[in-house]
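Novice: Before I ask anything, let me first share the structure, which is written out below as structure tokens.
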Amino acid sequence: MLLLTLTACSLPAFFAPDISSGMQGLYHDVDKFNPYLSVLDPLLLYFKMPFAVFGSIVLVMSPGLVFALALNQAKNPGMWLLAGFSISLVLVSTAAAITQHFFGNLVGKEFFLVIILLLLLGGLFLFLRLARGAQLQWPDLLTDRTGYLLGMVVIPIIFLVILTPKFFWESFNGDGAHAYESARLLLHQSLPFWPQGAGGVSNFPGINSVLFTFPSSWFIRLFGPFEAAARLPFILYIGLLHAAIVTASMARLKQQLGLTGHLLISLSVASVALVLSYSATYDPYSADIALTATQDVLLLVFTLGVVTSFILERPWWMLANIILVLLASPGGPLLLGGWLAGVLIAYRKRPWRMIRLYVICLAGGISLILMLPPVLAVLGLPVPGNEHNVGALLSKFDHLIIDDFRRFAYILIPCGIYPVIAMLGWRKADDAGRALIVVTLAVFTVYYMIAFVSLHYFIAAMVIPIVIFWRQNRYELWVSPRTITGACLVAVSVSIMAALPVSTAIYTAPREIGESIDVSRLQGYETLSASAFRSSELIGNLFGTDSLPDVPDKSYGVSPLALFYYAHRATKAAGQINYLLQSGNHPPEDMTQIAENEISSIFVKDKQLWEAQRISRPAGSQGPAVYAISRDLLFGRGNAFRDHRIIYLKARLRKMNLLPGKKE
């Protein structure tokens with residue numbers, strides 16, 4: 001029955017490529033300044049598309065869910081779902097790589113069938129385990145069933161439907177394009193690291209930021225080479241985040257959370273998701289769900305998995321989650337170290353056995369992560385990028401700040417306001433709750449002190465208070481449940497309203513400009529050749545990058561990688577082409593050469609149009625002012641030193657003779 005149910009729920013994913021193409025076909029008819037809740041094709045927008053996304057999520061989760069049952073990892077629904085995703089992460093990615101190696105391109109319906117085969121193999125394994133008399137735990141799907149359905153299906157799908165334009169029609173920014181292209185590498189090779197000579201794009205992902213590419217590649221295989229494919233995993237992740245919060249909140253506690261708790265948690269998750277969708281970015285025009293939202297939520301899912309495994313004394317799953325945390329984000333070690341510190345500080349009776357196992361698992365996980373890059377190099381495989389290596393991470397502490405008090409809003413507002421109250425309840429909290437208070441304060445303090453930060457650094461401070469609150473509070477124990485519930489609903493509603501964008505427009509300028517770039521004379525994009533992406537850097541000579549000081553007030557800044565993507569999706573006629581990127585340096589008669597490198601050249605036809613686009617100020621989809629970080633603080637520019645009290649730590653240490661080097 002389980003296999004039939006999972007297969008039936010997965011069937012809409014079979015039609016994902018067609019539905020994705022249909023969604024793309026609506027782009028030119030959409031009002032870019034007011035695209036939300038469009039009525040262009042209601043059947044497609046509000047029925048077929050959500051069902052295809054839901055079916056795809058069930059499809060990629062199904063093998064892991066069945067294997068998790070067979071491996072007796074389904075003590076409760078939350079643990080079953082989290083274990084199932086972890087197992088699918090390995091199984092689906094490995095099966096795709098092996099099948100692709102032997103049979104070539106694996107996309108669309110062929111990929112669907114490979115996962116169904118994995119599901120059937122999982123069913124066979126489960127049957128054999130039961131036939132041999134294995135005593136397996138089955139999750140109580142009746143307990144909190146409505147709550148899990150609300151938090152993992154209803155709220156995420158509503159989120160998707162409301163934000164459909166941002167998922168399907170908004171243009172990539174630089175982060176989004178980079179996330180998409182890195183994940184697309186897995187459609188051509190076994191690991192998502194760039195070949196030598198690809199240029200600046202090869203700096204990311206590193207070994208400590210690679211994890212998100214694998215699920216993203218699944219959705220690219222299913223939905224095709226469109227923006228939404230790199231963003232749709234976020235719908236899966238916010239559902240998993242709900243399950244991770246519930247599981248961590250209930251670990252070792254006898255009470256059930258109840259529908260009220262699930263509702264408030266799901267709304268808090270939706271609030272955080274809105275913040276990440278519109279405000280967490282370096283780009284001046286829009287945040288891209290493809291990155292960093294996907295990466296940040298994955299980090300929190302597995303961090304809470306580590307916490308839950310520690311509380312429940314499950315060392316093997318603790319090790320697995322530690323490795324996944326280290327692969328998910330450069331911020332992983334801080335969270336893992338914070339939990340260890342929290343346990344040592346906050347537990348009344350320290351669980352020394354689990355502490356020793358945790359240290360061993362952490363040391364083993366770090367050793368594995370450090371060993372992988374040199375091993376890949378020896379094997380002649382592409383090696384991870386170095387954007388987030390140890391030196392780069394430590395350099396963030398060169399400048400410290402003490403007076404940017406707006407940062408306290410990042411811990412108070414996104415999670416729904418009410419969870420932060422629990423941070424004051426040190427005596428009321430249990431051991432795990434106090435340890436999480438330490439983690440939250442430690443992470444927030446570290447990132448508060450770093451002068452030049454982005455909003456997404458504070459993701460743990462946004463989410464962990466939700467767990468702290470629900471480990472202290474039970475609906476059935478509240479003196480006035482209706483009053484407290486109402487107050488919490490009002491608070492989380494305020495957070496959701498505070499996270500909404502300042503306008504209803506979506507960002508489309510990269511697509512409009514990118515489609516006027518002719519790349520037909522440049523080969524290698526579809527196969528992700530190093531030379532093609534090295535050549536794409538020439539596009540940067542047309543427009544400034546988004547980090548320049550006069551962007552966005554006086555000029556337009558855009559990622560060359562985003563324009564390169566849209567140049568390959570061009571729908572404009574030849575007469576509307578204004579730029580040419582080609583191999584060699586032989587100029588067409590009606591074009592002027594702008595720049596060249598050892599591989600290619602770039603040309604422009606109409607210089608007046610080019611200049612108009614260079615100084616344009618296109619519409620974006622920015623988040624509200626409460627989450628806005630000045631671009632001077634984002635990029636460490638001079639005005640930041642004028643507006644804030646910033647300490648140059650290296651200079652201070654050298655002055656005190658605590659650091660070698662010339663005194664400044």
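Following the order of the structure tokens, chains are lettered A, B, ..., residues in each are numbered from 1, and ligands are numbered from 1.
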Quick one: everything within 12 Å of Arg637 of chain A, counting only C-alpha atoms, minus sequence neighbours fewer than 2 positions away in the same chain. Send it as an MDAnalysis selection string.
Specialist: chainID A and resid 399 451:452 547:550 630:635 639:644 646
Novice: For segment 461-466 of chain A, list every protein, DNA or RNA residue within 9 Å, evaluated using only C-alpha atoms, and leave out those in the same chain fewer than 3 positions away; present the list as number ranges by chain.
Specialist: A: 245, 249, 265, 268-269, 272, 300, 304, 410-416, 418-423, 436-437, 439-441, 443-444, 457-458, 469-471
Novice: Need to verify the contact set: segment 102-118 of chain A, 8 Å, only C-alpha atoms, exclusion of same-chain residues closer than 6 positions in sequence. Can you return it as a ChimeraX atom specification?
Specialist: /A:7,13-17,59-60,63,91-92,95-96,187-188,220-224
Novice: Report the distance between atom CA of Leu236 of chain A and atom CA of Tyr36 of chain A in Å, rounded to one decimal place.
Specialist: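 Between atom CA of Leu236 of chain A and atom CA of Tyr36 of chain A the gap is 21.4 Å.
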Novice: Might you pull out every residue within 10 Å of Leu312 of chain A, with only C-alpha atoms counted and same-chain residues fewer than 6 positions away left off, and present them as a PyMOL selection string?
Specialist: chain A and resi 248+251-252+306+318+354
Novice: Need to verify the contact set: segment 363-370 of chain A, 8 Å, only C-alpha atoms, exclusion of same-chain residues closer than 6 positions in sequence. Can you return it as a ChimeraX atom specification?
Specialist: /A:207-208,319,322-323,326-327
Novice: Could you produce a table of the residues of segment 195-296 of chain A lying within 12 Å of segment 567-571 of chain A, with the nearest pair of atoms per residue and their separation in Å rounded to one decimal, using only C-alpha atoms, ordered by chain and increasing residue number, as a Markdown table?
Specialist:
| residue | atom | partner | partner_atom | distance |
| --- | --- | --- | --- | --- |
| A:Pro225 | CA | A:Arg569 | CA | 9.4 |
| A:Phe226 | CA | A:Arg569 | CA | 9.2 |
| A:Glu227 | CA | A:Arg569 | CA | 11.0 |
Novice: Selection from above, N, CA, C and O atoms, as a PDB file, in the first residue's frame, can you write it?
Specialist:
ATOM      1  N   PRO A 225      15.770  23.115 -18.309  1.00  0.00           N
ATOM      2  CA  PRO A 225      16.789  24.155 -18.082  1.00  0.00           C
ATOM      3  C   PRO A 225      16.199  25.544 -17.870  1.00  0.00           C
ATOM      4  O   PRO A 225      16.487  26.481 -18.614  1.00  0.00           O
ATOM      5  N   PHE A 226      15.366  25.667 -16.841  1.00  0.00           N
ATOM      6  CA  PHE A 226      14.692  26.939 -16.570  1.00  0.00           C
ATOM      7  C   PHE A 226      15.008  27.407 -15.154  1.00  0.00           C
ATOM      8  O   PHE A 226      15.389  26.608 -14.285  1.00  0.00           O
ATOM      9  N   GLU A 227      14.792  28.690 -14.903  1.00  0.00           N
ATOM     10  CA  GLU A 227      15.110  29.273 -13.600  1.00  0.00           C
ATOM     11  C   GLU A 227      14.427  28.528 -12.456  1.00  0.00           C
ATOM     12  O   GLU A 227      15.025  28.290 -11.409  1.00  0.00           O
TER      13      GLU A 227
END
Novice: Just the residues within 9 Å of segment 533-544 of chain A, please, counting only C-alpha atoms, with nothing from its chain fewer than 2 positions along; format it as a ChimeraX atom specification.
Specialist: /A:197-201,522,524-525,528-531,546-548,551,555-561,563-564,579,581-583,594-602,604,610,613-614
Novice: Hey, which of A:Arg132, A:Arg407, A:Lys32, A:Lys428 ends up closest to Ala619 of chain A? Count only C-alpha atoms.
Specialist: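 Of the candidates, the smallest distance to Ala619 of chain A is held by A:Lys32.
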Novice: Using DSSP assignments from the backbone, pull out every residue in segment 206-313 of chain A that falls under strand (DSSP E or B) and give it to me as a PyMOL selection string.
Specialist: chain A and resi 286+288+291-292
Novice: Could you tell me which of A:Thr527, A:Phe172, A:His101, A:Phe67 comes closest to Leu120 of chain A if we count only C-alpha atoms?
Specialist: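 Smallest distance to Leu120 of chain A is found for A:Phe67.
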Novice: Near Asn203 of chain A, counting only C-alpha atoms, which residues have an atom at most 12 Å away, once you skip same-chain residues fewer than 6 positions from it, shown as a compact mmCIF listing (two decimals) with N, CA and C atoms, in the first residue's frame?
Specialist:
# COMPACT_ATOMS: atom_id res chain seq x y z
N HIS A 178 24.77 31.27 -10.94
CA HIS A 178 25.88 30.42 -10.52
C HIS A 178 25.37 29.12 -9.90
N SER A 182 26.14 25.50 -11.62
CA SER A 182 26.87 24.52 -10.82
C SER A 182 26.08 23.23 -10.68
N PRO A 192 29.93 18.28 -8.95
CA PRO A 192 29.58 19.63 -9.43
C PRO A 192 30.71 20.64 -9.29
N PHE A 193 31.92 20.23 -9.66
CA PHE A 193 33.06 21.14 -9.60
C PHE A 193 33.52 21.44 -11.02
N TRP A 194 33.96 22.67 -11.23
CA TRP A 194 34.24 23.14 -12.58
C TRP A 194 35.57 22.63 -13.10
N PRO A 195 35.64 22.40 -14.41
CA PRO A 195 36.92 21.99 -15.00
C PRO A 195 37.93 23.12 -14.97
N GLN A 196 39.19 22.78 -15.02
CA GLN A 196 40.25 23.77 -14.98
C GLN A 196 40.14 24.71 -16.18
N GLY A 197 40.33 25.99 -15.93
CA GLY A 197 40.30 26.96 -17.00
C GLY A 197 38.95 27.59 -17.24
N SER A 209 30.37 23.93 0.46
CA SER A 209 29.15 24.60 -0.01
C SER A 209 28.51 23.84 -1.17
N VAL A 210 28.79 22.55 -1.27
CA VAL A 210 28.43 21.78 -2.45
C VAL A 210 27.07 21.09 -2.36
N PRO A 382 37.73 17.10 -11.34
CA PRO A 382 37.63 18.53 -11.00
C PRO A 382 37.64 18.73 -9.49
N VAL A 383 38.34 19.76 -9.05
CA VAL A 383 38.49 19.98 -7.61
C VAL A 383 37.56 21.11 -7.15
N PRO A 384 37.20 21.12 -5.87
CA PRO A 384 36.31 22.16 -5.35
C PRO A 384 36.90 23.55 -5.49
N GLY A 385 36.01 24.54 -5.54
CA GLY A 385 36.45 25.93 -5.57
C GLY A 385 36.95 26.38 -4.22
N ASN A 386 37.58 27.55 -4.18
CA ASN A 386 38.19 28.04 -2.94
C ASN A 386 37.57 29.34 -2.45
N GLU A 387 36.33 29.65 -2.89
CA GLU A 387 35.72 30.91 -2.47
C GLU A 387 35.54 31.00 -0.97
N HIS A 388 35.25 29.86 -0.35
CA HIS A 388 35.00 29.86 1.10
C HIS A 388 36.03 29.01 1.83
N ASN A 389 37.31 29.11 1.42
CA ASN A 389 38.33 28.36 2.13
C ASN A 389 38.61 29.00 3.49
N ALA A 392 39.75 32.67 3.52
CA ALA A 392 38.69 33.62 3.17
C ALA A 392 37.73 33.81 4.34
Novice: Interatomic distance between atom CA of Ser20 of chain A and atom CA of Phe51 of chain A?
Specialist: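 So the two atoms, atom CA of Ser20 of chain A and atom CA of Phe51 of chain A, lie 11.9 Å apart.
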Novice: Rank nothing, just name the residue among A:Thr99, A:Pro139, A:Asp31, A:Pro481 nearest to Ala74 of chain A, using only C-alpha atoms.
Specialist: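 Looking at the shortest contact to Ala74 of chain A, the residue is A:Pro139.
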Novice: Quick one, how far is atom CA of Leu136 of chain A from atom CA of Asn72 of chain A?
Specialist: 5.2 Å
Novice: For Asp431 of chain A, which residue among A:Gly514, A:Ile360, A:Ile345, A:Gly391 is the nearest when counting only C-alpha atoms?
Specialist: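 Result for the nearest residue to Asp431 of chain A: A:Ile345.
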